[in-house]
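The block underneath contains the structure these notes are about, expressed in structure tokens.
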Amino acid sequence: MGGLQKKKFERGAATNYITRNRARKKLMLSLPDFRRLCILKGIYPHEPKHKKKVNKGSTAPRTFYLMKDIRFLLHEPIVGKFREYKIFVRKLKKAYGKTEWSTVERLRENKPTYKLDHIIKERYPSFIDALRDIDDALCMCFLFSTFARTGKCHVQTIQLCRRLSVEWMNYVIASRSLRKVFISIKGIYYQAEAMGQLITWLVPYQFSHDHPTDVDYRVMATFTEFYTTLLGFVNFRLYHSLNLLYPPKVWWKLSALSASLARVVSSADEEDAELDQFPEDMEKMEAREKEQKQQEAQRKMFQGLKFFLNREVPRESLAFVIRCFGGEVSWDKSICIGSTYDVTDETITHHIVDRPNIDKQYINRYYIQPQWVYDCVNAKILLPVEDYFIGVTLPPHLSPFVEEKEGDYVPPEKLKIMALQRGEKPANEQEEDNDEEEEEDEDDEEEEEEDDNADEEEDDEEEAEEKNLKEMEDKRSQGKSLQVKVTPGKVKVENPARLEQEEKAEEKRLAIMMMKKKEKYLYDKIMFGKKRKVREANKLAAKRKAHDDAEKAKKKKARK
Amino acid sequence: MAAARRLKRVAASQPGFLTLKPSLNPSDLVSGRRKRVNKNKKKNWNKHSDINDVEEFLEDVRHQERTTGGLLSEKSDDSLFFLDVGQPKKAEQKEEPVETKKRKGKASRPLRIDLILQHDSLIPPAKDVLAYQQPNAKKLRRIAQKAEQLAAKGVVPRRQRQLLNRRPVDRTAKKSATEANNNPDREYYDIWGQESRESADPWYLQQMGKKHVKRPEKLNEKPSVLPAVEVIAPGGSYNPDFLSHQALLQEAHDVEVKKQKQEDKLERQLAFNKEEKATEETVLREQVEGLVEEENEEEEAAANDDEEEVAVGAIALAEKKTERQRKRERAEKIKEQQRLATRKQTDQQQQLFQLRSIKASIKQREQKTKANQIKRKAKQEAQKSQPRRLGKLKFQPQDLEVQLSNELAGSLRQLKPEGSILKDRFKSLQKRNLIEPRDRAKFKRRLKVKYVEKRAFKEIT
């Protein structure tokens with residue numbers, strides 16, 4: 001026959017992959033160094049599709065890297081720096097052992113260091129690429145800045161992370177780009193929008209510190225090293241896009257988040273950029289203009305309001321959120337630097353408290369719990385303050401990251417908020433309140449005075465009507481004749497919108513009647529599927545109602 | 001042992017000592033332990049070179065010069081030695097006491113302080129060259145004029161220049177510390193605003209080995225489709241809505257139920273019914289089976305025999321085939337083949353009439369394959385969001401963070417955070433296939449540990 005015979009595992013998938021140990025030997029690095037290099041360069045292990053082929057017949061679990069990636073790593077200049085560092089450590093150990101202190105000093109002064117700038121430029125060739133990957137970087141930086149400075153990881157790293165996180169928060173404040181906040185049991189989730197990218201990050205609570213033992217700190221430290229570099233460059237670019245001076249000279253003063261950043265070029269018209277007029281349909285343009293106006297209104301939601309934070313509330317988070325929407329905020333001088341006004345300032349409009357009661361009360365300010373701020377941000381409007389007073393059971397804090405499709409269950413609180421957003425006054429809620437009020441009026445009037453005072457402004461008219469009706473019923477039950485008269489009829493104003501809707505519904509019904517049997521069968525099936533969702537939502541609503549009634553009964557029992 | 005070594009060393013240091021191994025140098029036994037030092041480096045000249053002999057000689061020379069004013073070997077014989085020819089005359093003796101009587105009191109002896117300040121060495125002190133120099137007025141004037149001219153031009157003498165240049169020492173931070181990656185005051189610049197570097201000829205760069213290596217395209221793809229930060233379900237809010245909280249609790253409950261089920265399954269598999277354990281009675285019965293009862297034995301024996309005979313008979317009757325039988329077999333084979341061929345043909349012809357049912361069956365098969373394809377594609381998509389198996393260990397997802405109804409805090413102040421974000425980030429990195437799941441490195445001992453009881457305890461146990 002002639003010709004060379006093909007041997008197994010010499011071509012194809014088997015040669016495209018290389019095991020971790022082989023790769024490490026090829027690069028002549030130790031295992032921790034190899035890991036660090038892979039993390040910095042962004043080279044990840046791959047799972048081959050046909051493990052048996054790649055592993056030369058065995059199915060033992062091994063870590064595989066692509067051969068091309070490892071060959072690419074051979075050209076990396078950092079590899080040389082790693083080797084230099086290894087030699088430096090060896091020389092240092094020797095000098096220590098021989099107690100040659102001058103040598104130790106000299107070696108320490110010339111310690112080999114490396115820079116990661118070229119890696120960042122290579123991994124993220126454009127700024128938008130970097131912005132897409134900034135979620136992870138932000139989470140890591142915020143996480144490391146909350147670490148205790150014990151020396152487990154370099155204190156300098158913690159400081160650098162703190163500086164970068166403060167800079168980022170100040171950028172978000174200056175660009176007013178915060179969109180959503182969610183307080184969970186894990187930490188606080190924020191979502192901001194920068195240059196068209198939605199960036200979500202998670203900030204841990206300041207007071208939670210348990211360091212789990214099964215986390216590899218070296219790996220996390222390497223990731224942080226890379227991410228701090230990336231975040232620094234991104235911050236630089238973002239600050240320059242807003243004409244702000246970078247780096248801010250005294251960043252630890254800015255950590256109070258109450259000062260505003262210095263501008264490079266004081267631009268008077270920083271605010272409204274007009275929309276370009278593209279030749280499009282009027283509808284789309286109008287919709288977009290409306291959206292823009294809404295966004296503008298949302299950005300200035302807290303403008304003009306002055307907040308004061310009490311000692312026990314999370315100061316940094318609240319200060320950040322309030323300032324992102326144009327409000328002014330201050331706190332007690334003894335907590336932190338940067339407090340601009342005192343608690344005795346008369347112009348404070350909202351005082352944020354988290355205690356069950358508070359001694360001295362000023363008249364012209366609202367005392368509310370911190371959830372009000374977060375709920376307002378999520379609802380994009382100023383919610384009524386009454387639900388968040390001190391001592392009141394708060395409404396649940398809903399997640400803004402949940403997108404409900406039609407037919408899904410929507411919790412009643414969300415419905416209320418949506419109604420408020422549309423500008424309607426939620427009539428149901430008021431009636432319920434009135435019922436409660438009247439029932440409790442029968443029992444004990446004194447306790448309800450506060451509630452009455454709170455609701456009075458809104459419910460005056462409805463109350464009067466209800467009271468009238470009740471009087472009439474009472475009279476009837478007592479057998480007296482009602483003083484009712486026949487009055488001329490009032491003209492009911494026909495709502496044109498409603499008429500249109502009714503017409504459309506009629507047309508739909510007719511069309512359904514005219515369908516063929518087969519089509520009708522399909523249509524029925526589809527509708528059944530859709531209605532199933534609605535039915536489930538109804539079931540959940542019924543459950544919720546049962547739970548609420550149970551709660552009400554419990555409350556009444558407790559009161560009696 | 002040490003004493004023996006010392007003895008050996010002492011014995012070996014005797015000059016005439018012969019060792020058993022003639023190749024070994026006896027001096028090696030003495031100095032074999034000393035470490036070899038590299039004397040080529042300057043650092044080691046001071047430490048490891050022995051200059052005592054030279055120093056001694058030089059000290060001796062200096063001593064001679066100090067005490068006798070020169071090397072003894074260079075002195076004339078007369079200064080060093082004299083011929084002893086007996087006692088001198090009395091006239092000399094008489095002169096001396098006359099001289100001493102003239103001086104009175106302590107003025108005869110010099111002061112102690114003068115004695116101390118005298119030179120006690122015979123080496124004359126060095127001459128002060130500058131003291132012999134006499135200033136030449138002309139020369140001095142010319143030097144001053146020249147200095148003025150240069151100063152007018154701006155050239156300053158070196159001394160003054162050095163004094164002017166001497167700035168206050170500023171202890172700048174060490175270069176390595178400022179360049180470190182985690183320096184909190186590090187500088188950033190616009191990395192995306194700068195243009196790319198290569199302006200030279202690509203051929204030149206390639207030949208010089210300076211060509212920039214391109215990053216492979218595949219590295220730009222993300223290893224997983226999962227987002228970097230996954231927001232917790234709405235039931236994880238600090239003040240959750242009733243139903244979403246219940247949903248989250250339900251999820252956690254399901255996970256626990258699954259775990260419990262697995263444990264139960266394991267228990268069941270390992271379960272052993274005590275009643276099935278062999279007791280002595282059953283063992284005896286088993287061993288004795290078939291031996292004790294004699295009535296049934298004969299019947300059983302007869303039945304067994306018949307079966308055996310039949311079997312034996314079948315085997316015994318196999319004989320050689322005859323020619324006729326072979327021909328018959330061949331003919332049968334051919335007939336069978338023909339039959340099959342005709343059958344096949346008729347089948348093919350009849351298939352024409354079966355077209356409709358064939359179509360139906362094909363359609364069914366196609367549908368099945370399509371359904372399978374869809375299922376496979378869906379499975380692949382689901383696989384993409386799963387963490388890949390990248391190493392020895394499988395990925396262990398962390399427990400759901402959920403607070404029970406009685407743990408829920410009423411206010412932000414009383415909130416007790418659940419879960420650790422560090423662990424969450426670590427697991428997220430593993431989930432997105434950025435790192436492989438790894439176990440903590442165990443402490444492995446190189447040498448085995450031997451457990452020995454103390455003497456006191458040995459007596460007890």
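By order of appearance in the structure tokens: chains A, B, ..., then residues from 1 within every chain, and ligands from 1 in the order shown.
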Worksheet item: Where in stretch 171-406 of chain B does DSSP assign helix (DSSP H, G or I), given as a VMD selection string?
Response: chain B and resid 175 to 179 202 to 208 217 to 220 234 to 236 242 to 270 274 to 276 280 to 288 295 to 316 323 to 385
Discussion item. Which residues are near B:Val229? Cut-off 7 Å, only C-alpha atoms, ignore same chain within fewer than 3 positions. Put them as a PyMOL selection string.
Written reply: chain A and resi 135+200-201
Keeping only N, CA and C atoms, take the residues you just selected and write them out as an mmCIF file, in the first residue's frame.
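And here's out-v3.cif as it stands now:
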data_model
loop_
_atom_site.group_PDB
_atom_site.id
_atom_site.type_symbol
_atom_site.label_atom_id
_atom_site.label_comp_id
_atom_site.auth_asym_id
_atom_site.auth_seq_id
_atom_site.Cartn_x
_atom_site.Cartn_y
_atom_site.Cartn_z
ATOM 1 N N ASP A 135 -19.655 45.624 35.174
ATOM 2 C CA ASP A 135 -20.479 45.116 36.291
ATOM 3 C C ASP A 135 -19.635 44.389 37.312
ATOM 4 N N THR A 200 -25.434 47.000 36.299
ATOM 5 C CA THR A 200 -26.000 46.570 37.585
ATOM 6 C C THR A 200 -24.868 46.178 38.503
ATOM 7 N N TRP A 201 -24.924 46.621 39.755
ATOM 8 C CA TRP A 201 -23.899 46.189 40.690
ATOM 9 C C TRP A 201 -24.503 46.015 42.073
#
Fill in: A:Ile134 environment, 9 Å, only C-alpha atoms, sequence neighbours closer than 2 positions dropped, as a ChimeraX atom specification
/A:129-132,136-139,199-201,227,230-231,234
Each chain B residue no farther than 6 Å from chain A, nearest pair in Å, only C-alpha atoms, as JSON lines:
{"residue": "B:Ser176", "atom": "CA", "partner": "A:Lys111", "partner_atom": "CA", "distance": 5.8}
{"residue": "B:Ala180", "atom": "CA", "partner": "A:Thr113", "partner_atom": "CA", "distance": 5.9}
{"residue": "B:Asn182", "atom": "CA", "partner": "A:Thr157", "partner_atom": "CA", "distance": 5.0}
{"residue": "B:Asn183", "atom": "CA", "partner": "A:Gln156", "partner_atom": "CA", "distance": 5.9}
{"residue": "B:Pro184", "atom": "CA", "partner": "A:Leu160", "partner_atom": "CA", "distance": 4.3}
{"residue": "B:Tyr188", "atom": "CA", "partner": "A:Phe233", "partner_atom": "CA", "distance": 5.9}
{"residue": "B:Ala228", "atom": "CA", "partner": "A:Asp136", "partner_atom": "CA", "distance": 6.0}
{"residue": "B:Pro234", "atom": "CA", "partner": "A:Ser399", "partner_atom": "CA", "distance": 5.1}
{"residue": "B:Gly236", "atom": "CA", "partner": "A:Ser184", "partner_atom": "CA", "distance": 5.4}
{"residue": "B:Ser237", "atom": "CA", "partner": "A:Ser184", "partner_atom": "CA", "distance": 4.0}
{"residue": "B:Tyr238", "atom": "CA", "partner": "A:Ser184", "partner_atom": "CA", "distance": 4.9}
{"residue": "B:Asn239", "atom": "CA", "partner": "A:Pro396", "partner_atom": "CA", "distance": 5.1}
{"residue": "B:Pro240", "atom": "CA", "partner": "A:Pro396", "partner_atom": "CA", "distance": 5.2}
{"residue": "B:Asp241", "atom": "CA", "partner": "A:Pro396", "partner_atom": "CA", "distance": 5.1}
{"residue": "B:Leu390", "atom": "CA", "partner": "A:Thr63", "partner_atom": "CA", "distance": 5.4}
{"residue": "B:Gly391", "atom": "CA", "partner": "A:Thr63", "partner_atom": "CA", "distance": 4.8}
{"residue": "B:Lys392", "atom": "CA", "partner": "A:Pro61", "partner_atom": "CA", "distance": 5.1}
{"residue": "B:Pro417", "atom": "CA", "partner": "A:Ile185", "partner_atom": "CA", "distance": 5.1}
{"residue": "B:Glu418", "atom": "CA", "partner": "A:Lys186", "partner_atom": "CA", "distance": 5.4}
{"residue": "B:Leu434", "atom": "CA", "partner": "A:Tyr44", "partner_atom": "CA", "distance": 5.6}
Output N, CA and C atoms of each residue in that selection to a file, as a compact mmCIF listing (two decimals), in the first residue's frame.
# COMPACT_ATOMS: atom_id res chain seq x y z
N SER B 176 9.60 51.53 42.97
CA SER B 176 8.80 50.31 42.88
C SER B 176 7.46 50.49 43.55
N ALA B 180 3.66 50.15 41.66
CA ALA B 180 2.89 48.95 41.99
C ALA B 180 1.44 49.12 41.56
N ASN B 182 -1.28 48.27 43.03
CA ASN B 182 -2.31 48.60 44.01
C ASN B 182 -1.97 49.86 44.80
N ASN B 183 -1.14 50.71 44.24
CA ASN B 183 -0.85 51.97 44.89
C ASN B 183 -2.11 52.84 44.88
N PRO B 184 -2.59 53.30 46.04
CA PRO B 184 -3.86 54.02 46.05
C PRO B 184 -3.81 55.35 45.32
N TYR B 188 -4.04 57.48 36.29
CA TYR B 188 -4.66 56.87 35.12
C TYR B 188 -4.62 57.87 33.97
N ALA B 228 -23.42 39.03 34.43
CA ALA B 228 -22.40 39.09 35.48
C ALA B 228 -23.04 39.17 36.85
N PRO B 234 -37.70 38.48 43.65
CA PRO B 234 -38.35 39.52 44.46
C PRO B 234 -38.64 39.06 45.89
N GLY B 236 -36.57 37.95 47.82
CA GLY B 236 -35.38 38.19 48.61
C GLY B 236 -35.27 39.62 49.11
N SER B 237 -36.31 40.40 48.90
CA SER B 237 -36.28 41.77 49.39
C SER B 237 -36.29 41.77 50.92
N TYR B 238 -35.83 42.85 51.53
CA TYR B 238 -35.76 42.86 52.99
C TYR B 238 -37.15 42.95 53.59
N ASN B 239 -38.12 43.45 52.79
CA ASN B 239 -39.50 43.55 53.25
C ASN B 239 -40.35 43.02 52.11
N PRO B 240 -40.40 41.68 51.96
CA PRO B 240 -40.94 41.16 50.70
C PRO B 240 -42.45 41.12 50.68
N ASP B 241 -42.93 41.06 49.47
CA ASP B 241 -44.34 40.83 49.20
C ASP B 241 -44.66 39.38 49.59
N LEU B 390 -15.18 21.66 34.23
CA LEU B 390 -13.87 22.12 33.80
C LEU B 390 -12.73 21.46 34.55
N GLY B 391 -13.00 20.57 35.43
CA GLY B 391 -11.89 20.04 36.19
C GLY B 391 -12.35 18.86 37.00
N LYS B 392 -11.62 18.57 38.04
CA LYS B 392 -11.94 17.38 38.81
C LYS B 392 -13.26 17.51 39.53
N PRO B 417 -28.19 40.66 57.54
CA PRO B 417 -27.91 40.23 56.17
C PRO B 417 -27.67 38.73 56.09
N GLU B 418 -28.03 38.18 54.95
CA GLU B 418 -27.96 36.74 54.76
C GLU B 418 -26.94 36.45 53.68
N LEU B 434 -15.35 31.05 34.33
CA LEU B 434 -14.12 31.84 34.30
C LEU B 434 -13.01 31.15 35.07
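Distance-wise, atom CA of A:Gln191 and atom CA of A:Gln421 end up 20.5 Å apart.
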Discussion item. Need the shell around stretch 427-432 of chain B: protein/DNA/RNA residues with any atom at most 6 Å away, counting only C-alpha atoms. Skip same-chain ones fewer than 3 positions apart. Format as a ChimeraX atom specification?
Written reply: /B:224,387,424,435-436
